[in-house]
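structure.txt (compact mmCIF, C-alpha atoms and all ligand atoms) appears below.
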```txt
# COMPACT_ATOMS: atom_id res chain seq x y z
CA MET A 1 -36.50 -52.53 -70.36
CA SER A 2 -32.86 -51.65 -70.47
CA GLU A 3 -30.05 -50.03 -68.67
CA THR A 4 -28.64 -46.86 -70.06
CA PRO A 5 -26.78 -47.93 -73.23
CA GLU A 6 -24.13 -45.30 -72.71
CA SER A 7 -22.30 -46.67 -69.71
CA GLY A 8 -21.20 -43.53 -68.05
CA PRO A 9 -18.73 -41.00 -69.38
CA LEU A 10 -15.61 -42.89 -68.28
CA LEU A 11 -15.79 -45.44 -71.07
CA GLU A 12 -15.59 -42.73 -73.69
CA LEU A 13 -12.34 -41.28 -72.39
CA SER A 14 -8.99 -41.86 -74.00
CA SER A 15 -6.46 -43.54 -71.76
CA GLN A 16 -4.76 -40.19 -71.18
CA ASP A 17 -8.02 -38.45 -70.30
CA LEU A 18 -8.99 -41.34 -68.02
CA ARG A 19 -5.70 -40.94 -66.14
CA ALA A 20 -6.31 -37.20 -65.82
CA HIS A 21 -9.85 -37.85 -64.56
CA VAL A 22 -8.55 -40.31 -61.96
CA ALA A 23 -5.80 -37.94 -60.82
CA GLY A 24 -8.39 -35.18 -60.39
CA ALA A 25 -10.73 -37.43 -58.41
CA LEU A 26 -7.91 -38.61 -56.12
CA THR A 27 -6.74 -35.04 -55.59
CA ARG A 28 -10.24 -33.83 -54.69
CA ALA A 29 -10.66 -36.64 -52.17
CA ARG A 30 -7.31 -35.83 -50.60
CA ALA A 31 -8.09 -32.13 -50.34
CA ARG A 32 -11.17 -33.05 -48.33
CA SER A 33 -9.32 -35.50 -46.06
CA VAL A 34 -6.74 -32.81 -45.38
CA ALA A 35 -9.36 -30.13 -44.71
CA LEU A 36 -11.25 -32.36 -42.26
CA THR A 37 -8.12 -33.28 -40.34
CA ASP A 38 -6.34 -29.90 -40.48
CA ALA A 39 -9.44 -28.32 -38.91
CA VAL A 40 -8.54 -29.69 -35.47
CA ASP A 41 -5.34 -29.92 -33.41
CA ASP A 42 -3.29 -33.06 -32.84
CA GLU A 43 -4.94 -33.83 -29.54
CA ASP A 44 -8.32 -33.79 -31.23
CA LEU A 45 -7.05 -36.06 -34.02
CA ILE A 46 -5.93 -38.70 -31.55
CA ARG A 47 -8.97 -38.52 -29.29
CA GLN A 48 -11.91 -40.85 -29.70
CA HIS A 49 -14.94 -38.56 -29.89
CA SER A 50 -17.42 -41.42 -29.64
CA LYS A 51 -17.13 -45.17 -29.15
CA LEU A 52 -18.92 -45.45 -32.50
CA MET A 53 -16.08 -43.80 -34.34
CA SER A 54 -12.37 -44.19 -34.87
CA PRO A 55 -9.97 -41.42 -33.87
CA LEU A 56 -9.61 -39.20 -36.96
CA VAL A 57 -5.93 -40.11 -37.16
CA TRP A 58 -6.91 -43.78 -37.61
CA ASP A 59 -9.12 -42.92 -40.60
CA LEU A 60 -6.30 -40.90 -42.08
CA ALA A 61 -3.66 -43.64 -42.00
CA HIS A 62 -6.27 -46.28 -42.95
CA ILE A 63 -6.96 -44.30 -46.14
CA GLY A 64 -3.24 -44.46 -46.92
CA SER A 65 -2.99 -48.12 -46.02
CA GLN A 66 -5.78 -49.14 -48.41
CA GLU A 67 -4.28 -47.00 -51.16
CA GLU A 68 -0.90 -48.61 -50.60
CA GLN A 69 -2.27 -52.15 -50.67
CA TRP A 70 -4.45 -51.79 -53.77
CA LEU A 71 -2.73 -49.21 -55.94
CA VAL A 72 0.94 -49.36 -55.00
CA ARG A 73 1.30 -53.09 -54.27
CA ASP A 74 -1.44 -54.80 -56.28
CA VAL A 75 -1.89 -52.65 -59.39
CA GLY A 76 1.64 -51.24 -59.36
CA GLY A 77 3.43 -54.41 -58.25
CA ARG A 78 5.73 -52.20 -56.15
CA GLU A 79 7.49 -52.98 -52.90
CA PRO A 80 5.44 -52.45 -49.74
CA LEU A 81 6.11 -49.19 -47.90
CA ARG A 82 4.80 -50.13 -44.48
CA PRO A 83 3.81 -53.82 -44.35
CA ASP A 84 4.21 -53.58 -40.57
CA ILE A 85 1.05 -51.46 -40.22
CA ASP A 86 -1.30 -53.47 -42.45
CA ASP A 87 -2.83 -55.16 -39.44
CA LEU A 88 -3.28 -51.94 -37.41
CA TYR A 89 -5.42 -50.40 -40.13
CA ASP A 90 -7.39 -53.50 -41.05
CA ALA A 91 -10.97 -52.57 -40.12
CA PHE A 92 -11.85 -56.24 -39.64
CA GLN A 93 -9.10 -56.87 -37.09
CA HIS A 94 -9.99 -54.07 -34.71
CA PRO A 95 -13.47 -52.79 -33.84
CA ARG A 96 -13.73 -49.00 -33.72
CA ALA A 97 -14.02 -48.95 -29.93
CA ASP A 98 -10.59 -50.61 -29.59
CA ARG A 99 -8.70 -48.46 -32.08
CA PRO A 100 -7.53 -45.66 -29.72
CA ALA A 101 -5.54 -48.21 -27.68
CA LEU A 102 -3.55 -49.38 -30.73
CA PRO A 103 0.01 -48.15 -31.38
CA LEU A 104 -1.25 -45.90 -34.21
CA LEU A 105 0.87 -43.57 -36.31
CA GLY A 106 0.81 -40.09 -34.82
CA PRO A 107 -0.61 -37.18 -36.83
CA ALA A 108 2.70 -36.08 -38.39
CA GLU A 109 3.68 -39.65 -39.22
CA ALA A 110 0.25 -40.43 -40.69
CA ARG A 111 0.36 -37.33 -42.89
CA ALA A 112 3.85 -38.15 -44.14
CA TYR A 113 2.78 -41.74 -44.88
CA LEU A 114 -0.23 -40.52 -46.85
CA ARG A 115 1.92 -38.20 -48.95
CA GLU A 116 4.44 -40.93 -49.67
CA VAL A 117 1.75 -43.42 -50.71
CA ARG A 118 0.04 -40.86 -52.91
CA GLU A 119 3.25 -40.00 -54.72
CA LYS A 120 3.76 -43.67 -55.55
CA ALA A 121 0.09 -44.21 -56.47
CA LEU A 122 0.23 -41.30 -58.95
CA ASP A 123 3.34 -42.81 -60.46
CA VAL A 124 1.51 -46.12 -60.84
CA LEU A 125 -1.39 -44.23 -62.44
CA GLU A 126 1.01 -42.82 -65.06
CA LYS A 127 2.54 -46.18 -65.92
CA ALA A 128 0.07 -49.01 -65.27
CA PRO A 129 -1.98 -50.35 -68.18
CA MET A 130 -5.70 -49.54 -67.80
CA SER A 131 -6.84 -52.83 -69.27
CA GLY A 132 -5.93 -56.48 -69.30
CA ARG A 133 -7.07 -57.09 -65.72
CA ARG A 134 -10.52 -56.55 -64.36
CA LEU A 135 -9.00 -54.58 -61.48
CA THR A 136 -7.57 -51.98 -63.87
CA GLU A 137 -10.29 -51.98 -66.56
CA SER A 138 -11.51 -48.35 -66.75
CA ALA A 139 -9.18 -47.71 -63.78
CA PHE A 140 -11.58 -49.59 -61.46
CA ALA A 141 -9.07 -49.95 -58.60
CA PHE A 142 -8.42 -46.20 -58.68
CA GLY A 143 -12.17 -45.57 -58.66
CA MET A 144 -12.59 -47.93 -55.72
CA ILE A 145 -9.82 -46.17 -53.77
CA THR A 146 -11.25 -42.73 -54.60
CA GLN A 147 -14.66 -43.83 -53.34
CA HIS A 148 -13.08 -45.40 -50.27
CA GLU A 149 -11.35 -42.14 -49.34
CA GLN A 150 -14.54 -40.14 -49.95
CA GLN A 151 -16.49 -42.61 -47.80
CA HIS A 152 -14.03 -42.11 -44.98
CA ASP A 153 -14.34 -38.36 -45.49
CA GLU A 154 -18.06 -38.72 -44.79
CA THR A 155 -17.27 -40.89 -41.77
CA MET A 156 -14.85 -38.22 -40.55
CA LEU A 157 -17.56 -35.60 -41.04
CA ALA A 158 -19.81 -37.73 -38.80
CA THR A 159 -16.99 -37.78 -36.24
CA HIS A 160 -16.92 -33.97 -36.42
CA GLN A 161 -20.65 -33.94 -35.68
CA LEU A 162 -20.02 -36.07 -32.57
CA ARG A 163 -17.09 -33.93 -31.45
CA GLN A 164 -17.60 -31.58 -28.51
CA GLY A 165 -16.26 -28.05 -28.57
CA GLU A 166 -16.23 -24.90 -30.61
CA PRO A 167 -17.29 -25.12 -34.27
CA VAL A 168 -14.36 -25.65 -36.63
CA LEU A 169 -16.14 -26.42 -39.92
CA HIS A 170 -17.89 -23.69 -41.89
CA ALA A 171 -19.78 -23.70 -45.19
CA PRO A 172 -22.33 -21.53 -47.01
CA GLU A 173 -26.04 -22.24 -46.61
CA PRO A 174 -27.66 -24.57 -49.15
CA PRO A 175 -30.22 -23.15 -51.62
CA ARG A 176 -33.81 -22.57 -50.47
CA ALA A 177 -36.68 -24.53 -51.98
CA PRO A 178 -38.45 -22.62 -54.77
CA SER A 179 -41.81 -21.24 -53.70
CA GLY A 180 -45.06 -22.56 -55.09
CA ARG A 181 -47.11 -25.63 -54.43
CA ARG A 182 -45.92 -29.04 -55.43
CA PRO A 183 -47.64 -32.40 -55.04
CA ALA A 184 -46.61 -34.09 -51.78
CA GLU A 185 -46.76 -37.55 -53.37
CA VAL A 186 -46.53 -39.16 -56.80
CA LEU A 187 -47.82 -42.42 -58.18
CA VAL A 188 -45.03 -44.58 -59.60
CA PRO A 189 -46.60 -46.89 -62.19
CA GLY A 190 -46.27 -50.65 -61.76
CA GLY A 191 -44.18 -52.88 -64.00
CA ARG A 192 -40.69 -54.07 -64.64
CA PHE A 193 -37.58 -51.95 -64.56
CA THR A 194 -33.84 -52.55 -64.68
CA MET A 195 -32.29 -52.41 -61.21
CA GLY A 196 -28.56 -52.38 -60.54
CA THR A 197 -25.89 -52.04 -63.19
CA SER A 198 -23.55 -54.09 -65.32
CA ALA A 199 -22.28 -51.08 -67.24
CA GLU A 200 -21.17 -48.45 -64.72
CA PRO A 201 -17.35 -48.82 -64.67
CA TRP A 202 -16.80 -47.79 -61.05
CA ALA A 203 -19.89 -49.50 -59.61
CA LEU A 204 -19.04 -51.81 -56.72
CA ASP A 205 -19.81 -55.51 -56.57
CA ASN A 206 -23.07 -55.12 -54.61
CA GLU A 207 -24.57 -52.85 -57.32
CA ARG A 208 -24.10 -55.60 -59.93
CA PRO A 209 -25.45 -57.14 -62.08
CA ALA A 210 -28.27 -55.27 -63.82
CA HIS A 211 -31.45 -57.32 -63.47
CA GLU A 212 -35.16 -56.84 -64.05
CA VAL A 213 -37.49 -56.38 -61.12
CA ASP A 214 -41.25 -56.15 -61.23
CA VAL A 215 -42.38 -53.38 -58.90
CA PRO A 216 -46.14 -52.97 -58.44
CA ALA A 217 -47.55 -49.43 -58.50
CA PHE A 218 -46.84 -47.44 -55.34
CA VAL A 219 -47.09 -43.91 -54.06
CA LEU A 220 -43.94 -42.07 -52.92
CA ASP A 221 -43.33 -38.80 -51.09
CA THR A 222 -41.81 -36.22 -53.45
CA THR A 223 -39.39 -35.06 -50.73
CA PRO A 224 -37.78 -36.51 -47.62
CA VAL A 225 -39.75 -36.15 -44.36
CA THR A 226 -39.05 -32.74 -42.82
CA CYS A 227 -38.15 -31.82 -39.24
CA GLY A 228 -41.50 -30.01 -39.06
CA ALA A 229 -43.46 -33.13 -39.94
CA TYR A 230 -41.30 -35.20 -37.62
CA LEU A 231 -41.95 -32.75 -34.80
CA GLU A 232 -45.69 -33.41 -35.19
CA PHE A 233 -45.01 -37.09 -34.69
CA LEU A 234 -42.82 -36.33 -31.68
CA ASP A 235 -45.20 -33.80 -30.09
CA GLY A 236 -48.12 -36.10 -30.88
CA GLY A 237 -46.67 -38.77 -28.61
CA GLY A 238 -45.05 -40.86 -31.33
CA TYR A 239 -42.23 -41.96 -29.06
CA ALA A 240 -44.65 -42.88 -26.27
CA GLU A 241 -47.02 -45.15 -28.18
CA GLN A 242 -45.81 -48.67 -28.69
CA ARG A 243 -48.31 -49.36 -31.46
CA PHE A 244 -46.30 -47.30 -33.96
CA TRP A 245 -43.12 -49.29 -33.34
CA SER A 246 -41.98 -52.72 -34.43
CA ALA A 247 -41.06 -55.10 -31.59
CA ALA A 248 -37.33 -54.61 -32.24
CA GLY A 249 -37.82 -50.86 -32.59
CA TRP A 250 -39.71 -50.57 -29.32
CA ALA A 251 -37.09 -52.62 -27.48
CA TYR A 252 -34.44 -50.26 -28.85
CA ARG A 253 -36.47 -47.15 -28.01
CA GLN A 254 -36.99 -48.38 -24.44
CA GLY A 255 -33.53 -49.83 -23.90
CA HIS A 256 -31.71 -46.69 -24.98
CA ASP A 257 -34.30 -44.14 -23.84
CA ILE A 258 -34.65 -42.74 -27.36
CA THR A 259 -37.00 -39.74 -27.23
CA ALA A 260 -36.00 -37.57 -30.21
CA PRO A 261 -33.57 -37.58 -33.16
CA ARG A 262 -29.95 -37.61 -32.15
CA PHE A 263 -28.51 -34.14 -31.43
CA TRP A 264 -31.98 -32.69 -30.67
CA HIS A 265 -32.61 -31.25 -27.21
CA ARG A 266 -35.69 -29.81 -25.60
CA GLU A 267 -35.31 -26.36 -24.04
CA PRO A 268 -37.95 -24.32 -22.22
CA ASP A 269 -38.57 -22.45 -25.49
CA GLY A 270 -38.87 -25.53 -27.72
CA TRP A 271 -36.65 -27.96 -29.57
CA TRP A 272 -33.10 -27.15 -30.60
CA ARG A 273 -30.31 -29.11 -32.18
CA THR A 274 -26.55 -29.02 -32.30
CA ARG A 275 -24.95 -29.18 -35.72
CA PHE A 276 -21.13 -29.23 -35.98
CA GLY A 277 -20.90 -27.37 -32.69
CA VAL A 278 -23.59 -24.76 -33.50
CA ARG A 279 -26.77 -24.72 -31.41
CA GLU A 280 -29.78 -23.75 -33.53
CA PRO A 281 -33.58 -23.99 -33.56
CA ILE A 282 -34.94 -27.04 -35.36
CA PRO A 283 -35.23 -26.05 -39.05
CA LEU A 284 -38.80 -27.08 -39.79
CA ARG A 285 -38.52 -27.18 -43.59
CA GLU A 286 -35.33 -29.20 -43.70
CA PRO A 287 -35.30 -33.02 -44.00
CA VAL A 288 -34.92 -34.69 -40.62
CA VAL A 289 -31.51 -36.31 -40.15
CA HIS A 290 -29.85 -38.50 -37.50
CA VAL A 291 -32.79 -40.85 -37.05
CA SER A 292 -32.48 -44.61 -36.79
CA TYR A 293 -34.31 -47.02 -39.07
CA TYR A 294 -36.62 -47.82 -36.18
CA GLU A 295 -37.62 -44.17 -35.73
CA ALA A 296 -38.20 -43.83 -39.47
CA GLU A 297 -40.38 -46.94 -39.41
CA ALA A 298 -42.38 -45.67 -36.41
CA TYR A 299 -42.94 -42.30 -38.08
CA ALA A 300 -44.16 -44.02 -41.26
CA ASN A 301 -46.61 -46.14 -39.25
CA TRP A 302 -47.86 -43.04 -37.43
CA ALA A 303 -48.38 -41.32 -40.80
CA GLY A 304 -50.35 -44.34 -42.12
CA LYS A 305 -47.56 -45.10 -44.58
CA ARG A 306 -44.46 -47.28 -44.76
CA LEU A 307 -40.84 -47.01 -45.83
CA PRO A 308 -40.13 -47.74 -49.49
CA THR A 309 -38.42 -50.96 -50.43
CA GLU A 310 -35.01 -50.60 -52.01
CA ALA A 311 -36.43 -51.57 -55.43
CA GLU A 312 -39.15 -48.91 -55.09
CA TRP A 313 -36.54 -46.30 -54.21
CA GLU A 314 -34.37 -47.19 -57.19
CA LYS A 315 -37.30 -47.32 -59.57
CA ALA A 316 -38.39 -43.85 -58.47
CA ALA A 317 -34.81 -42.62 -58.88
CA ARG A 318 -33.89 -44.20 -62.22
CA PHE A 319 -36.89 -45.34 -64.22
CA ASP A 320 -37.91 -43.11 -67.09
CA PRO A 321 -41.53 -43.96 -67.96
CA VAL A 322 -41.19 -42.36 -71.41
CA SER A 323 -38.24 -44.39 -72.65
CA GLY A 324 -38.67 -47.37 -70.29
CA ARG A 325 -34.96 -47.07 -69.54
CA SER A 326 -33.12 -46.85 -66.23
CA ARG A 327 -31.01 -43.68 -66.03
CA ARG A 328 -27.81 -43.19 -64.06
CA PHE A 329 -29.35 -40.48 -61.89
CA PRO A 330 -32.86 -39.08 -61.35
CA TRP A 331 -32.13 -36.15 -63.69
CA GLY A 332 -30.53 -38.23 -66.46
CA ASP A 333 -27.13 -39.63 -67.28
CA GLU A 334 -24.94 -36.57 -66.58
CA GLU A 335 -22.61 -36.51 -63.60
CA PRO A 336 -24.03 -34.58 -60.62
CA ALA A 337 -23.60 -30.81 -60.94
CA GLU A 338 -24.21 -28.23 -58.20
CA ALA A 339 -27.74 -27.57 -59.45
CA HIS A 340 -28.72 -31.26 -59.21
CA ALA A 341 -28.05 -32.22 -55.63
CA ASN A 342 -26.64 -31.27 -52.25
CA LEU A 343 -23.50 -33.39 -52.30
CA GLY A 344 -19.83 -33.07 -51.51
CA GLN A 345 -19.85 -31.22 -48.17
CA ARG A 346 -20.41 -27.92 -50.01
CA HIS A 347 -23.04 -27.26 -47.36
CA LEU A 348 -23.00 -28.71 -43.89
CA ARG A 349 -26.71 -29.43 -43.71
CA PRO A 350 -29.54 -30.75 -45.87
CA ALA A 351 -31.32 -28.22 -48.08
CA GLU A 352 -35.01 -27.46 -47.51
CA ALA A 353 -37.43 -30.11 -48.75
CA GLY A 354 -38.30 -29.25 -52.35
CA ALA A 355 -34.92 -27.74 -53.24
CA TYR A 356 -32.95 -28.81 -56.31
CA PRO A 357 -35.74 -28.84 -58.90
CA ALA A 358 -33.10 -29.47 -61.61
CA GLY A 359 -32.31 -32.77 -59.91
CA GLN A 360 -35.82 -34.18 -59.82
CA SER A 361 -36.79 -37.49 -61.39
CA PRO A 362 -39.05 -37.72 -64.46
CA LEU A 363 -42.01 -38.21 -62.10
CA GLY A 364 -41.06 -35.14 -60.06
CA VAL A 365 -39.46 -36.80 -57.04
CA ARG A 366 -36.87 -34.48 -55.50
CA GLN A 367 -33.69 -34.89 -53.46
CA LEU A 368 -33.32 -38.60 -54.05
CA ILE A 369 -29.61 -37.95 -54.45
CA GLY A 370 -27.89 -35.87 -51.76
CA ASP A 371 -29.19 -34.12 -48.63
CA VAL A 372 -29.86 -37.20 -46.47
CA TRP A 373 -29.29 -40.94 -46.87
CA GLU A 374 -32.71 -42.59 -47.02
CA TRP A 375 -33.57 -45.70 -45.03
CA THR A 376 -35.33 -48.38 -47.04
CA SER A 377 -37.22 -51.36 -45.62
CA THR A 378 -34.94 -53.85 -47.41
CA ASP A 379 -32.28 -56.02 -45.77
CA PHE A 380 -28.87 -55.91 -47.42
CA HIS A 381 -28.35 -58.82 -49.78
CA GLY A 382 -26.65 -59.63 -53.08
CA TYR A 383 -28.54 -59.25 -56.34
CA PRO A 384 -29.25 -62.39 -58.39
CA GLY A 385 -25.92 -63.34 -59.98
CA PHE A 386 -23.86 -61.44 -57.38
CA ALA A 387 -20.13 -62.12 -57.50
CA ALA A 388 -17.80 -60.72 -54.85
CA PHE A 389 -15.18 -58.37 -56.30
CA PRO A 390 -12.42 -57.63 -55.57
CA TYR A 391 -12.73 -59.17 -52.10
CA ARG A 392 -15.50 -60.77 -50.02
CA GLU A 393 -15.13 -58.30 -47.19
CA TYR A 394 -16.21 -55.43 -49.41
CA SER A 395 -19.91 -56.36 -49.17
CA GLU A 396 -20.65 -60.06 -49.07
CA VAL A 397 -19.79 -60.59 -45.41
CA PHE A 398 -22.45 -57.98 -44.52
CA PHE A 399 -25.32 -59.64 -46.39
CA GLY A 400 -28.16 -60.67 -44.12
CA PRO A 401 -31.00 -59.40 -41.97
CA GLU A 402 -28.86 -57.36 -39.55
CA TYR A 403 -28.36 -54.52 -42.01
CA LYS A 404 -30.84 -52.22 -43.73
CA VAL A 405 -30.08 -50.60 -47.07
CA LEU A 406 -29.77 -46.81 -47.31
CA ARG A 407 -29.87 -44.98 -50.63
CA GLY A 408 -29.01 -41.71 -52.30
CA GLY A 409 -26.16 -40.16 -50.32
CA SER A 410 -26.17 -37.12 -48.07
CA PHE A 411 -24.75 -33.59 -48.05
CA GLY A 412 -21.63 -35.27 -46.68
CA THR A 413 -21.26 -37.71 -49.60
CA ASP A 414 -19.13 -36.87 -52.60
CA ALA A 415 -20.46 -37.24 -56.13
CA ALA A 416 -17.71 -39.81 -56.72
CA ALA A 417 -19.23 -42.02 -54.03
CA VAL A 418 -22.91 -42.11 -55.01
CA ARG A 419 -24.99 -43.13 -58.02
CA GLY A 420 -28.56 -44.13 -58.75
CA THR A 421 -27.43 -47.69 -58.15
CA PHE A 422 -25.21 -47.05 -55.12
CA ARG A 423 -26.10 -49.06 -52.00
CA ASN A 424 -25.13 -48.24 -48.43
CA TRP A 425 -26.02 -50.38 -45.43
CA ASP A 426 -26.03 -50.02 -41.68
CA TYR A 427 -27.54 -51.35 -38.48
CA PRO A 428 -31.13 -50.18 -37.94
CA ILE A 429 -30.13 -48.53 -34.63
CA ARG A 430 -27.53 -46.21 -36.16
CA ARG A 431 -28.11 -42.48 -35.78
CA GLN A 432 -24.72 -40.78 -36.14
CA ILE A 433 -24.85 -41.21 -39.92
CA PHE A 434 -26.52 -38.52 -42.03
CA ALA A 435 -29.68 -40.55 -42.51
CA GLY A 436 -33.29 -39.50 -42.91
CA PHE A 437 -36.10 -41.07 -44.93
CA ARG A 438 -39.17 -40.57 -47.08
CA CYS A 439 -42.41 -42.52 -46.94
CA ALA A 440 -44.22 -44.69 -49.45
CA ARG A 441 -47.62 -46.34 -49.46
CA ASP A 442 -49.73 -48.70 -51.50
CA PRO A 443 -52.15 -46.96 -53.87
CA ARG A 444 -55.71 -46.59 -52.66
CA PRO A 445 -58.55 -48.13 -54.70
CA GLY A 446 -59.09 -45.95 -57.76
CA GLU A 447 -55.66 -44.30 -57.61
CA VAL A 448 -54.17 -46.61 -60.25
CA ALA A 449 -55.68 -46.09 -63.65
FE FE A 501 -12.23 -48.35 -44.92
```
Any chance you could give the structure as structure tokens?
Ligand SMILES: [Fe+2]
Amino acid sequence: MSETPESGPLLELSSQDLRAHVAGALTRARARSVALTDAVDDEDLIRQHSKLMSPLVWDLAHIGSQEEQWLVRDVGGREPLRPDIDDLYDAFQHPRADRPALPLLGPAEARAYLREVREKALDVLEKAPMSGRRLTESAFAFGMITQHEQQHDETMLATHQLRQGEPVLHAPEPPRAPSGRRPAEVLVPGGRFTMGTSAEPWALDNERPAHEVDVPAFVLDTTPVTCGAYLEFLDGGGYAEQRFWSAAGWAYRQGHDITAPRFWHREPDGWWRTRFGVREPIPLREPVVHVSYYEAEAYANWAGKRLPTEAEWEKAARFDPVSGRSRRFPWGDEEPAEAHANLGQRHLRPAEAGAYPAGQSPLGVRQLIGDVWEWTSTDFHGYPGFAAFPYREYSEVFFGPEYKVLRGGSFGTDAAAVRGTFRNWDYPIRRQIFAGFRCARDPRPGEVA
């Protein structure tokens, strides 16, 4: 049992190449932040499109504020630019619902602030040593800030999905699934595997350390659950029958009158959905998205299955039964390429179930990375030996039974912000995120050799 001995490509780079890599990653993140915020007018940037979300202009200046605090002040040791706004953009000080009432920077001011911070951060990148401190080892702080900006870019994409009005975002369609029959499920053999990482330079504290976990044999769907399959559950009365739902799930379903995935609506001619302002028929072959954990759990019960645990998900995604090694991604150790996964907002929807054959795991499980975040049945907690870094509020304060772990990233997630070990978490009632799921089950007698 071991983790990949090669610890990701970053460690092999010269200091100059590492700086160039970081500059490229920061620039790509910024291009996306700019595209998502230039797509709407100032009024739209200031407006709160949903109580669940910040105004886009808050996200924008918050991105700059974090970059200023970590890269300019901490790593660079430079003078603060705007210490007066630290508090305004501290996510822990102000819940999202309250943010529109704050004296926020306006769109022009926020954009100018972002440019000023970036100029200084790139100067720090040129001059700061990339070793000597854990925060700068392999440019960790720059990696953390890149991921942070990309995470807010996904959050801003979710805000776009909640926004009313004419479509403003456009992207080409994702690839179709290749034709031909594939198995719907695979057996993942039982035994130990290495979960988490101690080697990935830009992995966050909650992904660490690498540790061995014994996962008994289980059966996993080879693709996420599709809208077509979900529609059978819905049309079959899945939302009406309490027996499929956990107690908490049923209370939520009743209390909020949940009767279909978010953004779905029933019309006289069937079910439709709205996606980034476009009304369209439900795409039957596409993974279902915008379902809560509770809906995923109810579907799995209806199907006679269950949701995978987080360890099962990661084993299916990383374990190579031939070498016994845990890989960085389902397809191997290489960084995600376009053929591997639907990532990076290249497409504004999940690809059909069964797409991306080049990205499948050794056991033939597809779309573990990209397309939709996948709910797991596991509560968010620290791995054995967890140590908060660089601050407790990154993950530790969220550990506990209120949050469920999601894995794998969505079409809205950038490659810089997802890995085979990457862990996301959210409340089980959340539906505005790009989350779907796949099912697992215990093997039947005779299925395990
Ligand atoms: Fe943030």
9 Å shell around ligand FE 501 (chain A) using only C-alpha atoms and all ligand atoms, listed as a ChimeraX atom specification: /A:59,62-63,66,89-91,148-149,151-152
Find the residues around region 118-134 of chain A up to 6 Å (all atoms listed in the file counted), leave out those fewer than 5 positions away in its own chain, and share them as an NGL selection string. :A and (71-72 or 76 or 139)
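Compared by their closest atoms to Thr421 (chain A), and using only C-alpha atoms, the residues A:Tyr299, A:Phe434, A:Trp202, A:Phe218 rank with A:Trp202 nearest.
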Can you tell me which residues surround region 260-269 of chain A at a distance of at most 7 Å, considering all atoms listed in the file, apart from same-chain residues fewer than 5 positions away, and format the answer as a ChimeraX atom specification? /A:274,290-291,431
Spatial neighbours of Trp331 (chain A), max dist 7 Å, only C-alpha atoms, sep filter under 5 positions, as a VMD selection string: chain A and resid 359 to 361
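Taking only C-alpha atoms into account, Gly180 (chain A) lies nearest to A:Pro357 out of the set A:Gly420, A:Pro357, A:Gly400, A:Gly436.
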Contacts of region 308-325 of chain A at 7 Å or less, counting all atoms listed in the file, minus same-chain residues fewer than 3 places along, as a PyMOL selection string? chain A and resi 1-4+188+193+195+215+328-330+361-362+368+376-378+405+420+439-440
Skip Ala61 (chain A) itself and residues of its chain fewer than 3 positions away, then list as a list in words all residues within 8 Å of it, counting only C-alpha atoms. Val57, Trp58, Gly64, Ser65, Tyr89, Leu105, Ala110, Arg111, Tyr113 and Leu114 of chain A
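Candidate residues A:Leu220, A:Ala158, A:Ala355, A:Ala247 were compared for distance to Gly412 (chain A), and the nearest is A:Ala158, using all atoms listed in the file.
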Please compute the CA of Ser198 (chain A)-CA of Glu154 (chain A) distance, one decimal, in Å. 26.2 Å
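Within 12 Å of the point (-56.8, -47.5, -62.8) in file coordinates, and counting all atoms listed in the file, lie the residues Leu187, Pro189, Gly190, Ala217, Pro443, Arg444, Pro445, Gly446, Glu447, Val448 and Ala449 of chain A.
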Which is closest to Ala415 (chain A) among A:Arg182, A:Arg28, A:Arg208, A:Arg285, if we use all atoms listed in the file? A:Arg28
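Reported to one decimal place, the separation of CA of His170 (chain A) from CA of Trp373 (chain A) is 21.3 Å.
As for CA of Gly191 (chain A) and CA of Asp214 (chain A), they are spaced 5.2 Å apart.
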Sphere at (-27.2, -34.5, -52.5), radius 10 Å, counting all atoms listed in the file: residues as number ranges by chain: A: 336-347, 350-351, 356, 359, 367-373, 408-415, 418
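Closest approach to Ile145 (chain A) among A:Pro401, A:Pro390, A:Pro216, A:Gly106: A:Pro390, based on only C-alpha atoms.
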Could I get region 77-83 of chain A rebuilt with N, CA and C atoms, written as a short mmCIF file (atom, residue, chain, number, x, y, z; two decimals), in the frame of the given file?
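File rebuild.cif, as written:
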```
data_model
loop_
_atom_site.label_atom_id
_atom_site.label_comp_id
_atom_site.auth_asym_id
_atom_site.auth_seq_id
_atom_site.Cartn_x
_atom_site.Cartn_y
_atom_site.Cartn_z
N GLY A 77 2.43 -53.36 -58.46
CA GLY A 77 3.43 -54.41 -58.25
C GLY A 77 4.69 -53.89 -57.56
N ARG A 78 4.55 -52.80 -56.80
CA ARG A 78 5.73 -52.20 -56.15
C ARG A 78 5.97 -52.81 -54.76
N GLU A 79 7.13 -52.52 -54.25
CA GLU A 79 7.49 -52.98 -52.90
C GLU A 79 6.59 -52.33 -51.86
N PRO A 80 6.23 -53.07 -50.82
CA PRO A 80 5.44 -52.45 -49.74
C PRO A 80 6.21 -51.32 -49.07
N LEU A 81 5.49 -50.28 -48.66
CA LEU A 81 6.11 -49.19 -47.90
C LEU A 81 6.11 -49.52 -46.41
N ARG A 82 4.93 -49.87 -45.92
CA ARG A 82 4.80 -50.13 -44.48
C ARG A 82 4.00 -51.41 -44.23
N PRO A 83 4.56 -52.58 -44.59
CA PRO A 83 3.81 -53.82 -44.35
C PRO A 83 3.55 -54.04 -42.87
#
```
